[in-house]
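Student: Input: one structure, supplied below.
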Amino acid sequence: MPQGDLAQVLRGLQSRGDRRLLVGPETFDDAGVVELGDARIVSSSGAPLALVQTVDFFPPVVDDPYAYGQIAAANALSDVYAMGGKPFSALTLAAFPKEFPRPWMEEIFRGGFDKLAEAGVLVAGGHTVESEIQFGFAVTGLVEPPRMTTNAGARVGDLVYLTKPIGMGTLTTAQKLEKLAFDALKPAIAQMATLNAGACDAMLAARAHAATDVTGYGLVGHARNVAKASRVTLELALERVPLFPGAYELAAKGVFSGGTKRGRAALKDEVRIAARLDPTRVAIAFDAETSGGLLIVVAPEQAPVLERELESRGLPVAAIGRALAPTGVHVELV
């Protein structure tokens, strides 16, 4: 659903002032966070914990059923990691056509469950219906409220990092259009199936001020959510944004998902684009991602810690921007 439409739907459903709701829909965060109150569940350090709850499911993005299940699970878990939380249980959400082959269905579930097991998450149940194919999970995690990384924490002067290259929308669309062989897509599948657990640990070690995962709204759309919630402008240096190998060449031929056009239309009044920028790179920055990396906002003095922690986990270190005082738009592409 386009961001503008979603905002209209949620406008009458905002928080009604319940203090137990620590993070709700008004800040466009990746998951809600609810205080447990009298339950008093505590961490190993003795700090009280809050619930992180999120749900995500979508149609197939690749033609391999096992890989589809893995990607769906990694994508759903990512919202918990983006909040600085640790996932611990999940419910399956699945829809399959009546005549859908059972072996393919089993492979989709197996891929999802294997990825959840990798994350140390238990599948507590689920719900399946007959319909057009959709698959994903409702995930519950735990977080210490003082360590939460919400969209609303960015401060002027902070630096912005990205932990996975972008371009998944272009690559998966190219494969669907038979402009990219499935074998050539396998490296991208591996990235989409990679958990953001390590990136989460790294940003917690660096005491990040804010974070989000980069998924359906693309890099620019999710950066906008952080900027708007934090009341800053995020300036992104487009040449520093890592692109997945092969994505640029395909995008230069006009291969994008539908997210590019929707994103640019929805955010036309909230994003300023420098005239000198490569239009292909701009288009990729607006394109939808699937199970992308974390967009992490950290204080400058903590940047060396974040970089060291990311490197120690074999993760990309890409400093792509900074937080500015408001300039009249939420995102500046420079």
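Chain labels A, B, ... are given in the sequence in which chains occur in the structure tokens; within each chain residues are numbered consecutively from 1, and ligands are likewise numbered from 1 in the order shown.
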Would you mind listing what lies within 10 Å of region 324-329 of chain A as number ranges by chain, with only C-alpha atoms counted and same-chain residues fewer than 4 positions away left out?

Tutor: A: 154-159, 224, 227-228, 230-235, 267-272

Student: Could you tell me, as a PyMOL selection string, which residues of region 114-258 of chain A DSSP assigns to alpha helix (DSSP H) when given the backbone?

Tutor: chain A and resi 114-118+168-176+182-192+197-205+218-230+247-251

Student: Put those residues in a file: C-alpha atoms, as a compact mmCIF listing (two decimals), in the first residue's frame.

Tutor:
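This is the output file selection.txt:
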# COMPACT_ATOMS: atom_id res chain seq x y z
CA ASP A 114 14.90 -22.91 9.05
CA LYS A 115 15.55 -19.18 9.08
CA LEU A 116 13.55 -18.74 12.30
CA ALA A 117 15.57 -21.55 13.88
CA GLU A 118 18.77 -19.76 12.86
CA MET A 168 16.86 -5.87 -4.78
CA GLY A 169 13.75 -4.44 -6.46
CA THR A 170 15.58 -4.11 -9.76
CA LEU A 171 17.12 -7.59 -9.57
CA THR A 172 13.97 -9.48 -8.60
CA THR A 173 11.94 -7.60 -11.21
CA ALA A 174 14.53 -8.45 -13.85
CA GLN A 175 14.28 -12.14 -12.99
CA LYS A 176 10.48 -12.06 -13.20
CA PHE A 182 17.87 -17.43 -11.86
CA ASP A 183 21.46 -18.50 -11.18
CA ALA A 184 22.55 -14.86 -11.55
CA LEU A 185 20.00 -13.91 -8.88
CA LYS A 186 21.41 -16.34 -6.27
CA PRO A 187 23.84 -13.83 -4.67
CA ALA A 188 20.95 -11.41 -4.19
CA ILE A 189 18.84 -14.21 -2.69
CA ALA A 190 21.63 -14.89 -0.21
CA GLN A 191 21.63 -11.22 0.82
CA MET A 192 17.84 -11.08 1.22
CA ALA A 197 20.93 -9.83 13.83
CA GLY A 198 24.61 -8.88 13.54
CA ALA A 199 23.79 -5.36 12.41
CA CYS A 200 21.45 -5.04 15.40
CA ASP A 201 24.18 -6.14 17.82
CA ALA A 202 26.61 -3.67 16.23
CA MET A 203 24.26 -0.69 16.53
CA LEU A 204 23.44 -1.55 20.15
CA ALA A 205 27.14 -1.66 20.98
CA GLY A 218 12.99 1.85 -0.43
CA LEU A 219 15.99 3.71 0.93
CA VAL A 220 14.46 7.16 0.44
CA GLY A 221 11.06 6.19 1.84
CA HIS A 222 12.47 4.72 5.04
CA ALA A 223 14.95 7.59 5.45
CA ARG A 224 11.98 9.93 5.18
CA ASN A 225 10.23 8.09 8.03
CA VAL A 226 13.26 8.56 10.30
CA ALA A 227 13.63 12.21 9.35
CA LYS A 228 9.96 13.01 9.86
CA ALA A 229 9.71 11.20 13.20
CA SER A 230 12.95 12.82 14.43
CA ALA A 247 21.64 -3.66 -10.25
CA TYR A 248 22.92 -0.47 -11.87
CA GLU A 249 23.25 -2.02 -15.31
CA LEU A 250 19.71 -3.37 -15.22
CA ALA A 251 18.28 -0.14 -13.82

Student: Residues near Ala95 (chain A), anyone? I mean within 6 Å using only C-alpha atoms, not counting same-chain ones fewer than 4 positions away, as a list in words.

Tutor: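 The neighbour list is Thr128, Val129, Glu130, Ser131, Ile133 and Gln134 of chain A.
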
Student: Skipping near chain neighbours, those fewer than 6 positions away, what residues fall within 7 Å of region 145-149 of chain A using only C-alpha atoms, listed as a list in words?

Tutor: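 The neighbour list is Leu49, Ala50, Ala82, Met83, Gly84, Ala208, His209, Ala210 and Ala211 of chain A.
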
Student: As a PDB file with C-alpha atoms, in the first residue's frame, please: the residues near Arg276 (chain A) (cut-off 12 Å, only C-alpha atoms, same-chain neighbours under 6 positions excluded).

Tutor:
ATOM      1  CA  LEU A 238      24.018   9.047  -3.233  1.00  0.00           C
ATOM      2  CA  GLU A 239      27.470   8.111  -4.559  1.00  0.00           C
ATOM      3  CA  VAL A 282      18.219   8.182  -7.927  1.00  0.00           C
ATOM      4  CA  LEU A 333      19.804  13.568  -2.020  1.00  0.00           C
ATOM      5  CA  VAL A 334      23.178  15.111  -2.804  1.00  0.00           C
TER       6      VAL A 334
END

Student: Write down as a ChimeraX atom specification the residues of region 133-293 of chain A whose backbone DSSP state falls under strand (DSSP E or B).

Tutor: /A:134-143,159-162,166,210-213,233-236,243,271-273

Student: Could you check the closest approach to Asp287 (chain A) for each of A:Val255, A:Ile273, A:Ala299, A:Ala138 and tell me which residue wins, using only C-alpha atoms?

Tutor: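 Using only C-alpha atoms, Asp287 (chain A) sits closest to A:Val255.
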
Student: Near Val121 (chain A), counting only C-alpha atoms, which residues have an atom at most 12 Å away, once you skip same-chain residues fewer than 3 positions from it, shown as a ChimeraX atom specification?

Tutor: /A:73-74,76-77,80,86-91,112-118,124,137-142

Student: How would the residues just chosen look if you wrote them out with C-alpha atoms as a PDB file, in the first residue's frame?

Tutor:
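Listed below is the output, again.pdb:
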ATOM      1  CA  ALA A  73      11.186 -14.978   7.523  1.00  0.00           C
ATOM      2  CA  ALA A  74      14.301 -12.787   7.420  1.00  0.00           C
ATOM      3  CA  ALA A  76       9.678 -10.291   9.169  1.00  0.00           C
ATOM      4  CA  LEU A  77      12.428 -10.727  11.774  1.00  0.00           C
ATOM      5  CA  VAL A  80      12.415  -6.569  15.513  1.00  0.00           C
ATOM      6  CA  LYS A  86      15.633  -9.856  20.095  1.00  0.00           C
ATOM      7  CA  PRO A  87      12.924 -11.999  18.456  1.00  0.00           C
ATOM      8  CA  PHE A  88      11.747 -15.018  20.431  1.00  0.00           C
ATOM      9  CA  SER A  89       8.482 -16.342  18.919  1.00  0.00           C
ATOM     10  CA  ALA A  90       6.538 -16.204  15.670  1.00  0.00           C
ATOM     11  CA  LEU A  91       3.176 -17.081  14.144  1.00  0.00           C
ATOM     12  CA  GLY A 112      10.859 -19.970   6.740  1.00  0.00           C
ATOM     13  CA  PHE A 113      11.190 -22.308   9.706  1.00  0.00           C
ATOM     14  CA  ASP A 114      14.900 -22.911   9.051  1.00  0.00           C
ATOM     15  CA  LYS A 115      15.545 -19.177   9.083  1.00  0.00           C
ATOM     16  CA  LEU A 116      13.550 -18.745  12.295  1.00  0.00           C
ATOM     17  CA  ALA A 117      15.573 -21.548  13.881  1.00  0.00           C
ATOM     18  CA  GLU A 118      18.767 -19.755  12.862  1.00  0.00           C
ATOM     19  CA  ALA A 124       4.108 -20.876  18.164  1.00  0.00           C
ATOM     20  CA  PHE A 137       5.166 -14.198   9.987  1.00  0.00           C
ATOM     21  CA  ALA A 138       3.905 -12.251  12.970  1.00  0.00           C
ATOM     22  CA  VAL A 139       6.947 -11.957  15.216  1.00  0.00           C
ATOM     23  CA  THR A 140       7.212 -11.102  18.901  1.00  0.00           C
ATOM     24  CA  GLY A 141      10.475  -9.970  20.448  1.00  0.00           C
ATOM     25  CA  LEU A 142      11.791  -8.347  23.590  1.00  0.00           C
TER      26      LEU A 142
END

Student: Quick one, how far is CA of Ala265 (chain A) from CA of Asp29 (chain A)?

Tutor: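 Those two atoms sit 21.3 Å apart.
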
Student: So what do you get for CA of Phe28 (chain A) versus CA of Gly314 (chain A), distance-wise?

Tutor: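 Separation of CA of Phe28 (chain A) and CA of Gly314 (chain A): 29.5 Å.
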